[in-house]
Structure formats: C-alpha cells, structure tokens
$ cat upload.txt   # compact mmCIF, C-alpha atoms and all ligand atoms
# COMPACT_ATOMS: atom_id res chain seq x y z
CA MET S 1 38.45 104.15 -55.50
CA GLN S 2 39.66 107.76 -55.89
CA ALA S 3 43.44 108.26 -55.86
CA TYR S 4 45.50 111.46 -56.14
CA ARG S 5 47.91 110.73 -58.97
CA LEU S 6 50.84 112.39 -60.66
CA THR S 7 50.14 111.89 -64.35
CA GLY S 8 52.68 114.22 -65.99
CA TRP S 9 55.86 115.99 -64.86
CA GLN S 10 55.21 119.63 -63.97
CA GLN S 11 51.46 118.99 -64.36
CA PRO S 12 49.05 119.30 -61.44
CA PRO S 13 48.22 115.84 -60.02
CA GLU S 14 44.59 114.68 -60.35
CA LEU S 15 42.05 112.67 -58.42
CA GLN S 16 41.36 109.65 -60.64
CA GLU S 17 39.26 106.52 -60.35
CA VAL S 18 41.46 103.41 -60.03
CA PRO S 19 40.65 99.82 -58.98
CA VAL S 20 41.24 98.73 -55.38
CA PRO S 21 44.40 96.60 -55.73
CA ASP S 22 44.32 92.88 -55.02
CA PRO S 23 47.37 91.76 -53.01
CA GLY S 24 49.47 89.28 -54.99
CA PRO S 25 51.94 86.77 -53.50
CA GLY S 26 53.90 88.36 -50.65
CA GLU S 27 51.99 91.66 -50.83
CA VAL S 28 49.83 93.38 -48.22
CA LEU S 29 46.86 95.65 -48.81
CA VAL S 30 46.72 98.50 -46.27
CA ARG S 31 43.58 100.52 -45.56
CA VAL S 32 44.95 104.05 -45.28
CA GLY S 33 44.25 105.77 -41.96
CA GLY S 34 46.31 108.87 -42.73
CA ALA S 35 48.73 110.07 -45.42
CA GLY S 36 50.95 113.03 -44.58
CA LEU S 37 51.77 115.68 -47.18
CA CYS S 38 55.52 116.25 -47.40
CA HIS S 39 57.21 119.24 -48.98
CA SER S 40 59.10 116.70 -51.13
CA ASP S 41 55.80 116.06 -52.95
CA LEU S 42 55.89 119.70 -54.08
CA HIS S 43 59.45 119.23 -55.35
CA VAL S 44 58.38 116.05 -57.19
CA MET S 45 55.48 117.96 -58.82
CA ASP S 46 57.75 120.88 -59.76
CA TRP S 47 60.90 119.14 -61.03
CA PRO S 48 61.17 118.65 -64.81
CA ALA S 49 60.99 115.24 -66.53
CA GLY S 50 64.24 113.33 -66.15
CA THR S 51 65.03 114.59 -62.64
CA LEU S 52 63.64 111.44 -61.01
CA PRO S 53 63.81 107.94 -62.54
CA TYR S 54 60.11 107.23 -61.91
CA ASP S 55 57.51 105.98 -64.39
CA LEU S 56 54.17 107.83 -64.48
CA PRO S 57 51.43 107.77 -63.41
CA PHE S 58 51.56 106.90 -59.72
CA THR S 59 49.55 107.80 -56.62
CA LEU S 60 51.28 110.31 -54.32
CA GLY S 61 51.58 109.96 -50.53
CA HIS S 62 54.75 108.49 -49.01
CA GLU S 63 54.00 109.06 -45.31
CA VAL S 64 51.36 106.52 -44.42
CA ALA S 65 49.81 104.59 -41.55
CA GLY S 66 46.65 102.50 -41.49
CA TRP S 67 45.39 98.95 -40.98
CA VAL S 68 46.18 95.62 -42.62
CA GLU S 69 43.18 94.99 -44.87
CA ALA S 70 44.22 91.79 -46.67
CA VAL S 71 47.35 89.76 -47.33
CA GLY S 72 48.49 87.94 -50.46
CA ALA S 73 49.54 84.30 -50.74
CA GLY S 74 52.53 83.38 -48.63
CA VAL S 75 52.28 86.27 -46.15
CA PRO S 76 52.21 84.59 -42.73
CA THR S 77 49.47 85.72 -40.35
CA GLU S 78 49.80 82.96 -37.75
CA ALA S 79 53.57 82.83 -37.05
CA PRO S 80 55.09 84.61 -33.99
CA GLY S 81 55.36 88.34 -34.69
CA ALA S 82 53.32 87.97 -37.89
CA LEU S 83 50.85 90.55 -39.16
CA GLU S 84 47.18 90.19 -38.38
CA VAL S 85 44.35 91.37 -40.56
CA GLY S 86 42.93 94.54 -38.97
CA GLN S 87 46.19 95.36 -37.19
CA PRO S 88 47.26 99.04 -37.18
CA VAL S 89 50.59 99.55 -38.94
CA ALA S 90 53.02 102.24 -40.09
CA VAL S 91 54.34 101.90 -43.63
CA TYR S 92 58.13 102.12 -43.80
CA GLY S 93 58.64 104.36 -46.84
CA PRO S 94 61.97 103.70 -48.57
CA TRP S 95 61.48 100.43 -50.42
CA GLY S 96 64.82 98.84 -51.29
CA CYS S 97 65.59 95.58 -53.09
CA GLY S 98 65.47 93.65 -49.79
CA ARG S 99 68.48 91.52 -50.76
CA CYS S 100 71.61 93.72 -50.71
CA HIS S 101 73.80 94.16 -47.63
CA ARG S 102 72.25 97.51 -46.70
CA CYS S 103 68.69 96.24 -47.07
CA ARG S 104 69.47 93.16 -44.96
CA GLN S 105 70.63 95.58 -42.26
CA GLY S 106 67.30 97.42 -42.46
CA VAL S 107 69.01 100.39 -44.16
CA GLU S 108 66.73 100.30 -47.19
CA ASN S 109 67.07 104.09 -47.51
CA LEU S 110 70.59 103.39 -48.87
CA CYS S 111 69.77 100.27 -50.93
CA GLU S 112 72.71 99.36 -53.15
CA ASN S 113 70.35 98.62 -56.04
CA ALA S 114 68.30 101.83 -55.72
CA GLY S 115 69.49 102.97 -59.16
CA GLN S 116 67.79 100.03 -60.89
CA LEU S 117 64.48 100.12 -58.97
CA ARG S 118 62.99 103.17 -60.77
CA ALA S 119 61.05 104.08 -57.60
CA ALA S 120 61.98 105.10 -54.07
CA GLY S 121 58.79 103.68 -52.54
CA GLY S 122 55.01 104.08 -52.42
CA GLY S 123 54.17 107.67 -53.43
CA LEU S 124 57.62 108.07 -54.99
CA GLY S 125 57.42 106.13 -58.24
CA ARG S 126 54.98 103.46 -57.01
CA ASP S 127 51.41 103.93 -55.81
CA GLY S 128 51.27 105.64 -52.42
CA GLY S 129 48.74 106.47 -49.74
CA LEU S 130 46.63 109.31 -51.14
CA ALA S 131 43.81 106.83 -51.70
CA PRO S 132 41.62 104.66 -49.44
CA TYR S 133 43.91 101.63 -49.99
CA MET S 134 47.61 101.17 -50.67
CA LEU S 135 49.41 98.04 -51.87
CA VAL S 136 52.63 97.36 -49.96
CA PRO S 137 54.98 94.92 -51.72
CA SER S 138 56.23 93.15 -48.61
CA ALA S 139 55.27 92.64 -44.98
CA ARG S 140 58.81 93.76 -44.07
CA PHE S 141 57.73 97.37 -44.77
CA LEU S 142 55.05 97.31 -42.07
CA VAL S 143 55.73 98.15 -38.43
CA PRO S 144 53.00 97.60 -35.79
CA LEU S 145 51.58 100.85 -34.41
CA GLY S 146 50.21 99.53 -31.14
CA ASP S 147 47.75 102.06 -29.74
CA LEU S 148 49.02 105.08 -31.74
CA ASP S 149 46.42 106.93 -33.82
CA PRO S 150 47.22 106.27 -37.52
CA VAL S 151 46.53 109.93 -38.39
CA GLU S 152 49.13 111.20 -35.93
CA ALA S 153 51.46 108.27 -36.66
CA ALA S 154 51.61 108.86 -40.43
CA PRO S 155 53.98 111.87 -40.13
CA LEU S 156 56.29 109.82 -37.92
CA THR S 157 57.22 107.65 -40.93
CA ASP S 158 58.97 110.53 -42.74
CA ALA S 159 58.89 113.87 -40.87
CA GLY S 160 59.69 111.95 -37.67
CA LEU S 161 61.99 109.27 -39.11
CA THR S 162 64.04 111.59 -41.35
CA SER S 163 64.61 114.01 -38.46
CA TYR S 164 65.48 111.15 -36.09
CA HIS S 165 68.01 109.65 -38.52
CA ALA S 166 69.61 113.08 -39.10
CA ILE S 167 69.91 113.75 -35.35
CA LYS S 168 70.99 110.30 -34.18
CA ARG S 169 74.30 110.39 -36.07
CA SER S 170 75.27 113.58 -34.19
CA LEU S 171 74.07 112.72 -30.68
CA SER S 172 77.60 112.23 -29.32
CA LEU S 173 78.23 115.97 -29.99
CA LEU S 174 75.22 117.10 -27.98
CA LEU S 175 76.35 117.49 -24.36
CA PRO S 176 75.11 119.71 -21.56
CA GLY S 177 75.88 123.27 -22.73
CA SER S 178 75.69 122.32 -26.42
CA THR S 179 73.47 124.05 -28.95
CA ALA S 180 71.47 122.49 -31.78
CA VAL S 181 69.84 124.67 -34.46
CA VAL S 182 66.82 123.72 -36.57
CA ILE S 183 66.34 125.90 -39.66
CA GLY S 184 62.74 125.55 -40.95
CA VAL S 185 60.10 124.48 -38.43
CA GLY S 186 57.62 122.82 -40.77
CA GLY S 187 56.61 119.16 -40.85
CA LEU S 188 60.16 117.91 -40.33
CA GLY S 189 61.41 120.80 -38.19
CA HIS S 190 58.67 120.59 -35.57
CA MET S 191 59.52 116.90 -35.10
CA ALA S 192 63.27 117.67 -35.02
CA VAL S 193 62.83 120.17 -32.17
CA GLN S 194 60.95 117.56 -30.12
CA LEU S 195 63.43 114.79 -30.93
CA LEU S 196 66.39 116.95 -29.92
CA LYS S 197 64.71 117.73 -26.59
CA ALA S 198 63.81 114.07 -26.03
CA LEU S 199 67.25 112.67 -26.91
CA SER S 200 69.80 115.26 -25.80
CA PRO S 201 70.56 117.88 -23.16
CA ALA S 202 71.41 120.48 -25.86
CA GLN S 203 69.57 123.79 -26.00
CA VAL S 204 67.53 124.00 -29.18
CA VAL S 205 67.31 127.13 -31.34
CA ALA S 206 64.66 127.27 -34.08
CA VAL S 207 64.89 129.56 -37.11
CA ASP S 208 62.00 130.25 -39.50
CA VAL S 209 60.67 133.00 -41.75
CA SER S 210 57.22 132.75 -40.18
CA GLN S 211 56.21 134.01 -36.74
CA GLU S 212 53.56 131.26 -36.48
CA LYS S 213 56.21 128.59 -37.05
CA LEU S 214 58.44 130.19 -34.43
CA ALA S 215 55.51 130.11 -32.00
CA LEU S 216 54.98 126.41 -32.81
CA ALA S 217 58.72 125.79 -32.25
CA ARG S 218 58.46 127.29 -28.75
CA GLU S 219 55.29 125.33 -28.05
CA VAL S 220 57.03 122.02 -28.91
CA GLY S 221 60.07 122.80 -26.77
CA ALA S 222 62.55 125.10 -28.53
CA ASP S 223 64.58 127.13 -26.02
CA ALA S 224 64.91 130.05 -28.44
CA ALA S 225 63.19 131.04 -31.69
CA VAL S 226 64.95 133.35 -34.13
CA PRO S 227 63.43 134.99 -37.22
CA ALA S 228 65.30 134.23 -40.48
CA GLY S 229 67.08 137.16 -42.10
CA GLU S 230 70.13 139.40 -41.78
CA GLU S 231 70.19 139.27 -38.00
CA ALA S 232 69.66 135.52 -37.64
CA ALA S 233 73.32 134.44 -37.51
CA GLY S 234 74.16 137.01 -34.84
CA SER S 235 71.15 136.01 -32.75
CA VAL S 236 71.93 132.29 -32.95
CA LEU S 237 75.60 132.90 -32.03
CA GLU S 238 74.49 135.04 -29.11
CA VAL S 239 72.23 132.28 -27.78
CA SER S 240 75.07 129.75 -28.14
CA GLY S 241 77.32 131.89 -25.94
CA ARG S 242 79.32 132.97 -29.06
CA ARG S 243 80.58 129.40 -29.54
CA GLY S 244 78.33 128.31 -32.37
CA ALA S 245 76.20 125.19 -32.62
CA GLU S 246 77.41 121.61 -32.38
CA LEU S 247 74.64 120.60 -34.80
CA VAL S 248 72.79 122.64 -37.43
CA LEU S 249 69.91 120.91 -39.21
CA ASP S 250 68.94 122.72 -42.40
CA MET S 251 65.38 121.64 -43.18
CA VAL S 252 65.14 124.08 -46.11
CA GLY S 253 68.35 123.76 -48.12
CA SER S 254 68.48 127.06 -50.02
CA ASP S 255 71.69 129.06 -50.66
CA GLN S 256 70.50 131.41 -47.93
CA THR S 257 69.84 128.78 -45.25
CA LEU S 258 73.07 126.90 -46.03
CA ALA S 259 75.02 130.16 -45.69
CA LEU S 260 73.36 130.73 -42.31
CA ALA S 261 74.17 127.15 -41.27
CA ALA S 262 77.86 127.65 -42.18
CA GLN S 263 77.93 130.91 -40.18
CA VAL S 264 76.55 129.38 -37.00
CA VAL S 265 78.06 125.87 -36.93
CA ARG S 266 80.89 125.51 -34.47
CA PRO S 267 84.37 124.22 -35.39
CA ALA S 268 84.14 120.40 -35.41
CA GLY S 269 80.34 120.68 -35.50
CA HIS S 270 77.96 118.97 -37.91
CA LEU S 271 76.15 120.84 -40.67
CA THR S 272 73.36 118.52 -41.73
CA LEU S 273 71.40 119.28 -44.88
CA VAL S 274 67.94 117.70 -45.05
CA GLY S 275 65.95 120.17 -47.18
CA LEU S 276 65.84 119.75 -50.94
CA ALA S 277 65.47 123.39 -52.03
CA GLY S 278 68.50 122.87 -54.29
CA GLY S 279 70.91 125.40 -52.76
CA SER S 280 74.62 124.80 -52.36
CA LEU S 281 77.48 125.87 -50.16
CA PRO S 282 81.09 126.37 -51.27
CA PHE S 283 83.19 123.77 -49.47
CA GLY S 284 86.85 124.55 -48.93
CA PHE S 285 89.38 125.60 -46.36
CA PHE S 286 88.20 128.80 -44.59
CA ARG S 287 84.76 128.37 -46.28
CA VAL S 288 83.37 126.32 -43.39
CA PRO S 289 84.56 126.30 -39.76
CA LEU S 290 87.60 124.14 -39.07
CA GLU S 291 86.85 120.44 -38.82
CA ALA S 292 83.15 120.91 -39.42
CA SER S 293 81.47 117.93 -41.12
CA LEU S 294 78.83 118.23 -43.82
CA ALA S 295 76.24 115.55 -44.53
CA ALA S 296 73.06 115.14 -46.56
CA PRO S 297 71.18 112.27 -44.89
CA TYR S 298 68.22 110.56 -46.53
CA TRP S 299 65.10 109.26 -44.73
CA GLY S 300 65.95 106.50 -42.17
CA THR S 301 66.14 102.78 -41.41
CA VAL S 302 63.28 100.48 -40.47
CA THR S 303 64.69 99.92 -36.97
CA GLU S 304 64.91 103.70 -36.51
CA LEU S 305 61.22 103.87 -37.43
CA MET S 306 60.55 101.39 -34.60
CA GLU S 307 62.50 103.69 -32.26
CA VAL S 308 60.53 106.75 -33.38
CA LEU S 309 57.26 104.90 -32.76
CA GLU S 310 58.51 103.95 -29.27
CA LEU S 311 59.17 107.62 -28.51
CA ALA S 312 55.65 108.50 -29.64
CA ARG S 313 54.09 105.68 -27.60
CA ALA S 314 56.03 106.94 -24.57
CA GLY S 315 54.52 110.40 -25.15
CA ARG S 316 57.93 112.01 -25.77
CA ILE S 317 57.11 113.26 -29.29
CA ARG S 318 53.86 114.05 -31.05
CA ALA S 319 53.11 115.23 -34.58
CA HIS S 320 50.86 118.29 -34.78
CA VAL S 321 48.44 117.55 -37.59
CA GLU S 322 45.88 119.39 -39.71
CA ARG S 323 43.37 116.90 -41.09
CA PHE S 324 41.95 117.01 -44.64
CA ARG S 325 39.62 114.76 -46.62
CA LEU S 326 40.86 113.29 -49.91
CA VAL S 327 38.65 115.69 -51.90
CA GLU S 328 40.45 118.56 -50.11
CA VAL S 329 43.94 117.36 -51.05
CA GLU S 330 44.62 120.18 -53.54
CA GLU S 331 43.69 122.77 -50.95
CA ALA S 332 45.99 121.04 -48.44
CA TYR S 333 48.95 121.14 -50.86
CA ARG S 334 48.18 124.82 -51.56
CA ARG S 335 48.39 125.53 -47.84
CA LEU S 336 51.67 123.60 -47.60
CA ARG S 337 53.15 125.54 -50.53
CA SER S 338 52.19 128.88 -49.00
CA GLY S 339 53.73 127.93 -45.65
CA ALA S 340 50.39 127.99 -43.85
CA VAL S 341 50.37 124.42 -42.45
CA ARG S 342 51.08 124.24 -38.74
CA GLY S 343 52.95 120.95 -38.27
CA ARG S 344 51.83 118.40 -40.87
CA ALA S 345 48.82 118.25 -43.17
CA VAL S 346 47.43 114.70 -43.12
CA VAL S 347 44.83 113.42 -45.56
CA VAL S 348 42.32 111.01 -44.04
CA PRO S 349 40.81 109.19 -47.04
P1 LIG A 401 57.48 122.30 -44.75
O1 LIG A 401 57.00 123.10 -45.90
O2 LIG A 401 56.52 121.64 -43.85
O3 LIG A 401 58.45 123.18 -43.83
C1 LIG A 401 59.42 124.06 -44.32
C2 LIG A 401 59.60 125.16 -43.27
O4 LIG A 401 60.72 125.98 -43.66
C3 LIG A 401 58.41 126.10 -43.14
O5 LIG A 401 58.07 126.26 -41.77
C4 LIG A 401 58.90 127.41 -43.74
O6 LIG A 401 58.30 128.55 -43.14
C5 LIG A 401 60.39 127.33 -43.44
N1 LIG A 401 61.25 128.15 -44.29
C6 LIG A 401 61.12 128.39 -45.61
N2 LIG A 401 62.14 129.19 -46.03
C7 LIG A 401 62.91 129.45 -44.96
C8 LIG A 401 64.11 130.21 -44.75
N3 LIG A 401 64.69 130.85 -45.74
N4 LIG A 401 64.62 130.25 -43.50
C9 LIG A 401 64.04 129.57 -42.47
N5 LIG A 401 62.89 128.86 -42.61
C10 LIG A 401 62.35 128.79 -43.83
O7 LIG A 401 58.49 121.21 -45.38
P2 LIG A 401 58.87 119.74 -44.83
O8 LIG A 401 57.87 118.77 -45.32
O9 LIG A 401 59.20 119.84 -43.41
O10 LIG A 401 60.20 119.44 -45.68
C11 LIG A 401 61.35 120.22 -45.49
C12 LIG A 401 62.38 119.89 -46.56
O11 LIG A 401 62.92 118.59 -46.31
C13 LIG A 401 61.82 119.83 -47.97
O12 LIG A 401 62.78 120.38 -48.88
C14 LIG A 401 61.67 118.34 -48.23
O13 LIG A 401 61.72 118.02 -49.60
C15 LIG A 401 62.88 117.82 -47.50
N6 LIG A 401 62.86 116.39 -47.09
C16 LIG A 401 64.04 115.73 -47.16
C17 LIG A 401 64.12 114.41 -46.73
C18 LIG A 401 65.42 113.70 -46.75
O14 LIG A 401 65.41 112.47 -46.60
N7 LIG A 401 66.54 114.37 -46.90
C19 LIG A 401 62.96 113.77 -46.27
C20 LIG A 401 61.76 114.50 -46.20
C21 LIG A 401 61.72 115.81 -46.61
ZN ZN A 402 58.91 113.16 -47.55
ZN ZN A 403 68.87 96.76 -51.41
$ encode --input "upload.txt" --output "structure tokens" --more "lines below"
Ligand code: NAD
Ligand code: ZN
Ligand code: ZN
Amino acid sequence: MQAYRLTGWQQPPELQEVPVPDPGPGEVLVRVGGAGLCHSDLHVMDWPAGTLPYDLPFTLGHEVAGWVEAVGAGVPTEAPGALEVGQPVAVYGPWGCGRCHRCRQGVENLCENAGQLRAAGGGLGRDGGLAPYMLVPSARFLVPLGDLDPVEAAPLTDAGLTSYHAIKRSLSLLLPGSTAVVIGVGGLGHMAVQLLKALSPAQVVAVDVSQEKLALAREVGADAAVPAGEEAAGSVLEVSGRRGAELVLDMVGSDQTLALAAQVVRPAGHLTLVGLAGGSLPFGFFRVPLEASLAAPYWGTVTELMEVLELARAGRIRAHVERFRLVEVEEAYRRLRSGAVRGRAVVVP
C-alpha cells in the first residue's frame, strides 16, 4: 500500500510503498476512513533533528477514524463491549504505556513513561493513518463511532479532543456574562468555538488574521469576530464590556498571540496555550493580570474523546472538512501551510 512517510528531519515526506501490516498479538488493524491533517504535522516536518525523540521513518497522520479490519491473537471480539470486525471506530491518538497511574485513569496524554516510549502515538513516531491501513497496538485505543461518518469524525480525535480538554478545565469560570476568546480559528479553533457554545453560556470572541476564518467562526457560532493586529486587544476588551475574558485559548502560540492573550485575559482568568508556534510570554508580577493562571494543555483523555463523540452524535458539534485523496496529500499540506483550509483537511485513502 502507499503511505505518506516522514523519512528525514526537515525533508519533505514522501509517498512510499509499504506492506499492509499484519496485526500481531493484542493489535488491531484499522482500515482508514479519514485522516485529518494537523498543523502539528507541519511543525514535525519543520523542526530539526533532536527536537522530538522519534525514530524515522514513520507514516504521518495522527487524527484517524475508520473500521476494524482484523484483530490479532488475544483481542476479544465476542465479550461484552468487545470490538467487532467491520465496526467503525475512532483512534485515540496519544499512546501511553498503558500501565502507569495516569494511563490506568485513561489520561494517556500525560503517561508517566512517555519519555521512554520514543513515540507519542500513530503518526507521531509510529506509523499513522496517511495510508489505507493503520496498525493500532491495543484495542484500548479504539472508541466506537456509532453512526458518525469516519471522515467527519477523524478531526474529533485531535482538533475536537484537544479543544475539549483545554476548555473543560476552565468551565467553572464560564458563567452567564463571561467571555471566552479563541485566537486562531483553524482546525482546532473552529471546534473550540462550537465546544464553547455547546458547553457554556459565555459569549465567544474569535480572533484570526484571515477574513475567511473569521467568517467561518461566525458561521459556527462565534458571537464576535475580530481581525488580528494592533486593534485586536481593544476590540476584544470592548466586546467583553471592558472586563476582559475569563478564558483565552491561544491556538497559535506566537509571541504576538500570547501578548494579545495576556492583554485581554481578565484578573483570575485562564490563559490557555494550545498552539505550538514556539512563542513565549514573560511571566511575573504585573506581567500578567492579577491571579491569572497559565496552562499549556496537551491533547486529551480517552474518556474525553468519548464525550466529544457524544456531542457530535447529538449534533452539537461538527467538523467542517475538506476532503483529499492520498495522492493529493502534498497539495493538502500546502493549503494548510498557506492558511487556506477552511476547517480541517481530511485525507480519504
Ligand atoms: P490551523 O493551521 O488549522 O489553524 C491555525 C489558525 O490560526 C489559522 O486559521 C490561521 O489563520 C490562524 N492564525 C495564524 N496566525 C495568527 C495570528 N497571528 N493571530 C490570529 N490567528 C492566527 O492549525 P491547527 O491544526 O488548528 O493547530 C493549531 C496549533 O495547535 C498548531 O500550532 C498545532 O501544532 C497545535 N496543536 C497543539 C495540540 C496540543 O495538544 N497542545 C494539539 C493539536 C494541535
Ligand atoms: Zn495534532
Ligand atoms: Zn503510562
């Protein structure tokens, strides 16, 4: 089969012929229905050798849904709640050790043994979903999709889950009259706007450099859309009634967006950094509003993925997707890099 693989750091990935994997004991082979393209893939391609502890080559694609194609020895298919061959599933992306305290809680995104694993999951150090088939090392990483379309469900496993995890920890701050700000309305941001509207009574303000993204933000429920730039902080403060925002989600993470976040977060608010653009913010007294909290959350837990899928099944959130064939993957990444993707680009192998 053809697979889109990272073969060298800071080298363009390539479509290569690789064998269809055979599931070994405990493993599950998934037929890929859709693999979302995340901006993190661009960071992974761009960062120099030594930044990430991954061995090369590996197949990209860490946002995947599809169908159980085959199971290895010892994977139950008859027991209550067991997987069935042909069943549609979402692939939970952060693959922990499965044995530490965090992993046993389902918090594999914060696995205590992550440092020794040399991979964060399929598409991030191990073979991912930019191929017709993907090998998943354990049935515990698969969550039934029910009647969700795998192409629209794929982005829920990262763009949806990461946004949900980042928002959920701040929900107690979001009361009637509160303001939440989403900086960067791309794959993650357009899910974050919908999740905020589904989960809280806060008004939602979107900020982006692109007019098309601001239009998408309004379409998916943002109460206000503010162009990035000199005037952005003033406009956001105005919308918040001059109080500032209880929650600011920075889905970009540059010096510029972090500075904006610090300007608009309210005292005792949460400034939540999700984007990996590599910027930083000076932290000190009088540098951030009094009693503001800063956090850099990572991905989400497997039970949170179940919650995100429930919201999608209930019709409360929906990923906007642009579909591409596997042979068009380079073009899709080019569009993502140039900021032209509306919602999420999903490859349908
Ligand atoms: P994306 O390319 O789909 O969206 C980024 C959006 O930000 C675009 O709409 C773009 O127009 C906008 N933007 C760019 N510069 C801006 C600026 N200065 N001000 C306002 N808006 C700006 O990217 P994505 O896939 O949604 O990922 C967003 C970021 O989140 C990436 O850095 C990615 O690596 C990171 N990420 C982090 C986690 C995590 O667990 N922390 C998980 C997934 C992705
Ligand atoms: Zn990602
Ligand atoms: Zn673990």
$ closest_atom_pairs --input "upload.txt" --of "range 179-253 of chain S" --to "range 262-266 of chain S" --cutoff "6 Å" --atoms "all atoms listed in the file" --output "tab-separated table"
residue	atom	partner	partner_atom	distance
S:Gly244	CA	S:Arg266	CA	4.3
S:Ala245	CA	S:Val265	CA	4.7
S:Glu246	CA	S:Arg266	CA	5.6
$ write_last_selection --input "upload.txt" --atoms "C-alpha atoms" --output "PDB file, keeping the file's coordinate frame"
ATOM      1  CA  GLY S 244      78.330 128.310 -32.370  1.00  0.00           C
ATOM      2  CA  ALA S 245      76.200 125.190 -32.620  1.00  0.00           C
ATOM      3  CA  GLU S 246      77.410 121.610 -32.380  1.00  0.00           C
TER       4      GLU S 246
END
$ closest_atom_pairs --input "upload.txt" --of "chain S" --to "ligand LIG 401 (chain A)" --cutoff "6 Å" --atoms "only C-alpha atoms and all ligand atoms" --output "CSV"
residue,atom,partner,partner_atom,distance
S:Cys38,CA,A:LIG401,O8,4.0
S:His39,CA,A:LIG401,O8,3.7
S:Ser40,CA,A:LIG401,O13,3.3
S:Asp158,CA,A:LIG401,C20,6.0
S:Thr162,CA,A:LIG401,C19,5.5
S:Ile183,CA,A:LIG401,C9,5.2
S:Gly184,CA,A:LIG401,O4,3.4
S:Val185,CA,A:LIG401,O5,4.3
S:Gly186,CA,A:LIG401,O3,3.2
S:Gly187,CA,A:LIG401,O9,3.7
S:Leu188,CA,A:LIG401,O9,3.8
S:Gly189,CA,A:LIG401,O9,5.7
S:Val207,CA,A:LIG401,C9,5.4
S:Asp208,CA,A:LIG401,N5,3.5
S:Val209,CA,A:LIG401,N5,4.8
S:Ser210,CA,A:LIG401,O6,5.3
S:Lys213,CA,A:LIG401,O5,5.6
S:Ala228,CA,A:LIG401,N4,5.0
S:Met251,CA,A:LIG401,C12,4.8
S:Val252,CA,A:LIG401,C12,5.0
S:Thr257,CA,A:LIG401,N3,5.6
S:Val274,CA,A:LIG401,N7,4.1
S:Gly275,CA,A:LIG401,O11,3.5
S:Leu276,CA,A:LIG401,O12,3.7
S:Ala277,CA,A:LIG401,O12,5.1
S:Pro297,CA,A:LIG401,N7,5.5
S:Tyr298,CA,A:LIG401,O14,3.4
S:Trp299,CA,A:LIG401,O14,3.7
S:Leu336,CA,A:LIG401,O1,5.6
S:Gly339,CA,A:LIG401,O6,5.3
$ residues_around --input "upload.txt" --residues "Asp46 in chain S" --least-positions-apart "3" --cutoff "7 Å" --atoms "only C-alpha atoms" --output "list in words"
Gln10, Leu42 and His43 of chain S
$ residues_near_ligand --input "upload.txt" --ligand "ligand ZN 403 (chain A)" --cutoff "8 Å" --atoms "only C-alpha atoms and all ligand atoms" --output "VMD selection string"
chain S and resid 96 to 104 108 110 to 114
$ write_last_selection --input "upload.txt" --atoms "C-alpha atoms" --output "PDB file, in the coordinates of the input"
ATOM      1  CA  GLY S  96      64.820  98.840 -51.290  1.00  0.00           C
ATOM      2  CA  CYS S  97      65.590  95.580 -53.090  1.00  0.00           C
ATOM      3  CA  GLY S  98      65.470  93.650 -49.790  1.00  0.00           C
ATOM      4  CA  ARG S  99      68.480  91.520 -50.760  1.00  0.00           C
ATOM      5  CA  CYS S 100      71.610  93.720 -50.710  1.00  0.00           C
ATOM      6  CA  HIS S 101      73.800  94.160 -47.630  1.00  0.00           C
ATOM      7  CA  ARG S 102      72.250  97.510 -46.700  1.00  0.00           C
ATOM      8  CA  CYS S 103      68.690  96.240 -47.070  1.00  0.00           C
ATOM      9  CA  ARG S 104      69.470  93.160 -44.960  1.00  0.00           C
ATOM     10  CA  GLU S 108      66.730 100.300 -47.190  1.00  0.00           C
ATOM     11  CA  LEU S 110      70.590 103.390 -48.870  1.00  0.00           C
ATOM     12  CA  CYS S 111      69.770 100.270 -50.930  1.00  0.00           C
ATOM     13  CA  GLU S 112      72.710  99.360 -53.150  1.00  0.00           C
ATOM     14  CA  ASN S 113      70.350  98.620 -56.040  1.00  0.00           C
ATOM     15  CA  ALA S 114      68.300 101.830 -55.720  1.00  0.00           C
TER      16      ALA S 114
END
$ residues_around --input "upload.txt" --residues "Val71 in chain S" --least-positions-apart "6" --cutoff "8 Å" --atoms "only C-alpha atoms" --output "list in words"
Pro23, Gly24, Gly26, Glu27, Val28, Leu29 and Val85 of chain S
$ closest_residue --input "upload.txt" --among "S:Gly122, S:Gly34, S:Gly8, S:Gly66" --to "Pro155 in chain S" --atoms "all atoms listed in the file"
S:Gly34
$ atom_distance --input "upload.txt" --atom1 "CA of Trp67 in chain S" --atom2 "CA of Arg118 in chain S"
26.8 Å
$ atom_distance --input "upload.txt" --atom1 "CA of Val32 in chain S" --atom2 "CA of Met134 in chain S"
6.7 Å
$ atom_distance --input "upload.txt" --atom1 "CA of Pro150 in chain S" --atom2 "CA of Val348 in chain S"
9.4 Å
$ closest_residue --input "upload.txt" --among "S:Arg140, S:Arg318, S:Arg344, S:Arg218" --to "ligand ZN 402 (chain A)" --atoms "only C-alpha atoms and all ligand atoms"
S:Arg344
$ closest_residue --input "upload.txt" --among "S:Gly106, S:Pro19, S:Gly160, S:Gly74" --to "ligand ZN 402 (chain A)" --atoms "only C-alpha atoms and all ligand atoms"
S:Gly160
$ closest_residue --input "upload.txt" --among "S:Leu326, S:Ala119, S:Leu52, S:Ile317" --to "Gln194 in chain S" --atoms "all atoms listed in the file"
S:Ile317
$ residues_around --input "upload.txt" --residues "Ala259 in chain S" --least-positions-apart "2" --cutoff "12 Å" --atoms "all atoms listed in the file" --output "list in words"
Ile183, Ala228, Gly229, Glu230, Ala232, Ala233, Val248, Asp250, Val252, Gly253, Ser254, Asp255, Gln256, Thr257, Ala261, Ala262, Gln263, Val264, Val265, Leu271, Leu273, Gly279, Ser280, Leu281, Pro282, Phe283, Arg287, Val288 and Pro289 of chain S
$ residues_around --input "upload.txt" --residues "Gly33 in chain S" --least-positions-apart "2" --cutoff "10 Å" --atoms "all atoms listed in the file" --output "list in words"
Val30, Arg31, Ala35, Val64, Ala65, Gly66, Trp67, Pro88, Val89, Ala90, Gly129, Ala131, Pro132, Tyr133, Asp149, Pro150, Val151, Glu152, Ala153, Ala154, Val346, Val347, Val348 and Pro349 of chain S
$ closest_residue --input "upload.txt" --among "S:Ala215, S:Gly300, S:Gly115, S:Glu84" --to "ligand ZN 402 (chain A)" --atoms "only C-alpha atoms and all ligand atoms"
S:Gly300
$ closest_residue --input "upload.txt" --among "S:Gly36, S:Pro25, S:Pro227, S:Pro48" --to "ligand ZN 402 (chain A)" --atoms "all atoms listed in the file"
S:Gly36
